[in-house]
Structures are given as structure tokens and as C-alpha cells.
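Trainee: Below: one structure in C-alpha cells.
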Amino acid sequence: MGQFLKKNVILILIFLFFVPLFYFAKAETVSESSAKLKSDNNITVENHFFIKIKAIENVFVKYQSPLVSSVNQFIYVCQKYQLDCYLLPAIAGLESTFGRFVYPQSFNPFGWGGGYVMFRDWNESIEAVGKGIREHYLNKGAKTEDEIGIIYSESSTWAQRVKFLKEIFINEEKRLEYLFTNKILSL
């Protein structure tokens, strides 16, 4: 039953992301009231977030992350709390190898509360940590990984490692943008 549910969820996610993207990519003209914001390379705002979703998904798949089923939650939370969309995935990469090594049944890939804070599922932990980063770090003046790291971790190399992991996502996003803008990747 679990395998059947996973396959259906994957099919639904594919449908939800590829069908709208098809319409965005094929739109020739749009009235001014509903025009999409476009940059010089014709990547719409919607496509920009689709590329971020795909970049996170690709990195999670590469590292065999159980968080792959929660990619949409990462994007939702980054928008909701105005976070860098790669900050939480990078923290999860550092703290738990992208969710692969967590306290049993904690669903806590961020090491939140020393890794012992328990959540019902990945989505709940992403929401809680995103909100926590916004309220307890960013709203109190910690704007960079270096400033967040001083509070978040006892390790003096935490910020450097988070930045390194963010670069993995950024490089995947650049790769996807290149494929998309050069029409190598047909969406």
C-alpha cells in the first residue's frame, strides 16, 4: 500500500508542476492585468520557482534524501517567511545528510533543539524551523549564514558548510536555467 501511495503522490506532483509550466511556456501574449513578470532570458516568476523546486528535488534525489517528498513545503515556507529557498535544504544537508540521519521518528533533519525535537512529519518540521529562523534569527538581526550560525550552532564552521551546501543547489538551479533558456530542456 505504501509503495502505491508513493507512486500516486509522485504522479500528482508531476502533473501539478509540469502541466502549469506547459501553459506558462506556451503563452504568447498575456493581457497587461495578468501579465507574468519576465526577465531578459524569458524565465517567468512561476518558472523561476519551478526551477528552484526542480533544483531542490534533483539534489535530494542525488543524495537519496527522504525529504524529496517535501520539496513543495520547502518552497512554500521560503515564500511564506521570506527565506532564501536554499537555506533550509542546506541546513538539513549539514545537520542530517538531507534527512537521512535523524533521531528515530523525529522528522527533524535540521538538528532543531539538538536534534531531539519531535515532529509529526517532514512538513511540520520544515514549517516550524522556517518560522523559527524568521522569528528568532532574521527578525532579530541575523541576516547572513555567518550571523545565523553563531546562534544556531556551536561549530565555528557551520556557516561555511551551509554556504557550501547552498552552492550545490545554486549550481543545480543554474544548470536547469541554462537548459531551459537554451531550449535544451523542453518543458
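Going through the C-alpha cells in order, the chains are called A, B, and so on, while each chain numbers its residues from 1 and the ligands are numbered from 1 in the order shown.
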Which neighbours of Arg100 of chain A fall inside 8 Å, counting only C-alpha atoms, when residues of the same chain fewer than 6 positions from it are skipped, and could you give them as a list in words?

Mentor: Gln64, Ser65, Pro66 and Pro109 of chain A

Trainee: From a DSSP calculation on the backbone, collect every residue of segment 39-115 of chain A in alpha helix (DSSP H) and output the set as a VMD selection string.

Mentor: chain A and resid 45 to 62 71 to 80 87 to 96

Trainee: Save the residues we just selected, C-alpha atoms, as an mmCIF file, in the first residue's frame?

Mentor:
data_model
loop_
_atom_site.group_PDB
_atom_site.id
_atom_site.type_symbol
_atom_site.label_atom_id
_atom_site.label_comp_id
_atom_site.auth_asym_id
_atom_site.auth_seq_id
_atom_site.Cartn_x
_atom_site.Cartn_y
_atom_site.Cartn_z
ATOM 1 C CA VAL A 45 8.343 34.166 -11.904
ATOM 2 C CA GLU A 46 6.411 30.883 -11.988
ATOM 3 C CA ASN A 47 9.185 29.172 -13.926
ATOM 4 C CA HIS A 48 11.746 30.603 -11.524
ATOM 5 C CA PHE A 49 10.076 28.822 -8.601
ATOM 6 C CA PHE A 50 9.582 25.710 -10.709
ATOM 7 C CA ILE A 51 13.326 25.691 -11.378
ATOM 8 C CA LYS A 52 14.022 26.091 -7.645
ATOM 9 C CA ILE A 53 11.656 23.201 -6.907
ATOM 10 C CA LYS A 54 13.360 21.078 -9.535
ATOM 11 C CA ALA A 55 16.837 22.046 -8.279
ATOM 12 C CA ILE A 56 15.979 21.024 -4.710
ATOM 13 C CA GLU A 57 14.347 17.836 -5.950
ATOM 14 C CA ASN A 58 17.351 16.916 -8.106
ATOM 15 C CA VAL A 59 19.806 17.441 -5.254
ATOM 16 C CA PHE A 60 17.625 15.447 -2.855
ATOM 17 C CA VAL A 61 17.346 12.596 -5.352
ATOM 18 C CA LYS A 62 21.124 12.639 -5.886
ATOM 19 C CA VAL A 71 10.146 19.815 -1.774
ATOM 20 C CA ASN A 72 6.956 21.847 -2.213
ATOM 21 C CA GLN A 73 6.880 22.535 1.515
ATOM 22 C CA PHE A 74 10.408 23.985 1.352
ATOM 23 C CA ILE A 75 9.300 26.405 -1.387
ATOM 24 C CA TYR A 76 6.051 27.268 0.403
ATOM 25 C CA VAL A 77 7.900 28.018 3.660
ATOM 26 C CA CYS A 78 10.634 30.040 1.944
ATOM 27 C CA GLN A 79 7.967 32.224 0.356
ATOM 28 C CA LYS A 80 5.820 32.446 3.488
ATOM 29 C CA LEU A 87 18.769 27.878 3.337
ATOM 30 C CA LEU A 88 16.566 25.205 4.951
ATOM 31 C CA PRO A 89 17.564 22.441 2.495
ATOM 32 C CA ALA A 90 21.228 23.319 3.087
ATOM 33 C CA ILE A 91 20.785 23.235 6.868
ATOM 34 C CA ALA A 92 19.098 19.835 6.513
ATOM 35 C CA GLY A 93 22.024 18.715 4.368
ATOM 36 C CA LEU A 94 24.512 19.724 7.011
ATOM 37 C CA GLU A 95 22.637 18.597 10.097
ATOM 38 C CA SER A 96 21.344 15.226 8.878
#

Trainee: So that I can check the surroundings of segment 120-125 of chain A, please list as a ChimeraX atom specification every protein, DNA and RNA residue that reaches within 7 Å of it, counting only C-alpha atoms and ignoring chain neighbours fewer than 5 positions away.

Mentor: /A:67,70,73,107-108

Trainee: Write the residues you've just listed into a file as a compact mmCIF listing (two decimals), in the first residue's frame, and include N, CA, C and O atoms for each of them.

Mentor:
# COMPACT_ATOMS: atom_id res chain seq x y z
N LEU A 67 13.58 13.61 2.15
CA LEU A 67 12.90 14.90 2.08
C LEU A 67 12.36 15.22 0.68
O LEU A 67 11.67 16.22 0.51
N SER A 70 8.92 16.36 0.25
CA SER A 70 8.53 17.63 0.87
C SER A 70 9.13 18.85 0.18
O SER A 70 9.18 19.92 0.76
N GLN A 73 6.96 21.89 0.21
CA GLN A 73 6.88 22.54 1.52
C GLN A 73 8.06 23.48 1.71
O GLN A 73 7.90 24.57 2.27
N PHE A 107 11.59 13.18 12.54
CA PHE A 107 11.33 14.01 11.36
C PHE A 107 11.98 15.39 11.53
O PHE A 107 11.42 16.41 11.13
N ASN A 108 13.17 15.39 12.12
CA ASN A 108 13.89 16.62 12.42
C ASN A 108 15.23 16.63 11.69
O ASN A 108 16.26 16.30 12.29

Trainee: Can you tell me how far atom CA of Glu173 of chain A sits from atom CA of Gln160 of chain A, in Å to one decimal?

Mentor: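 One can read the atom CA of Glu173 of chain A to atom CA of Gln160 of chain A distance as 20.0 Å.
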
Trainee: Go through A:Tyr103, A:Phe98, A:Tyr137, A:Tyr178 and flag the residue nearest Phe119 of chain A, using only C-alpha atoms for the distances.

Mentor: A:Tyr103
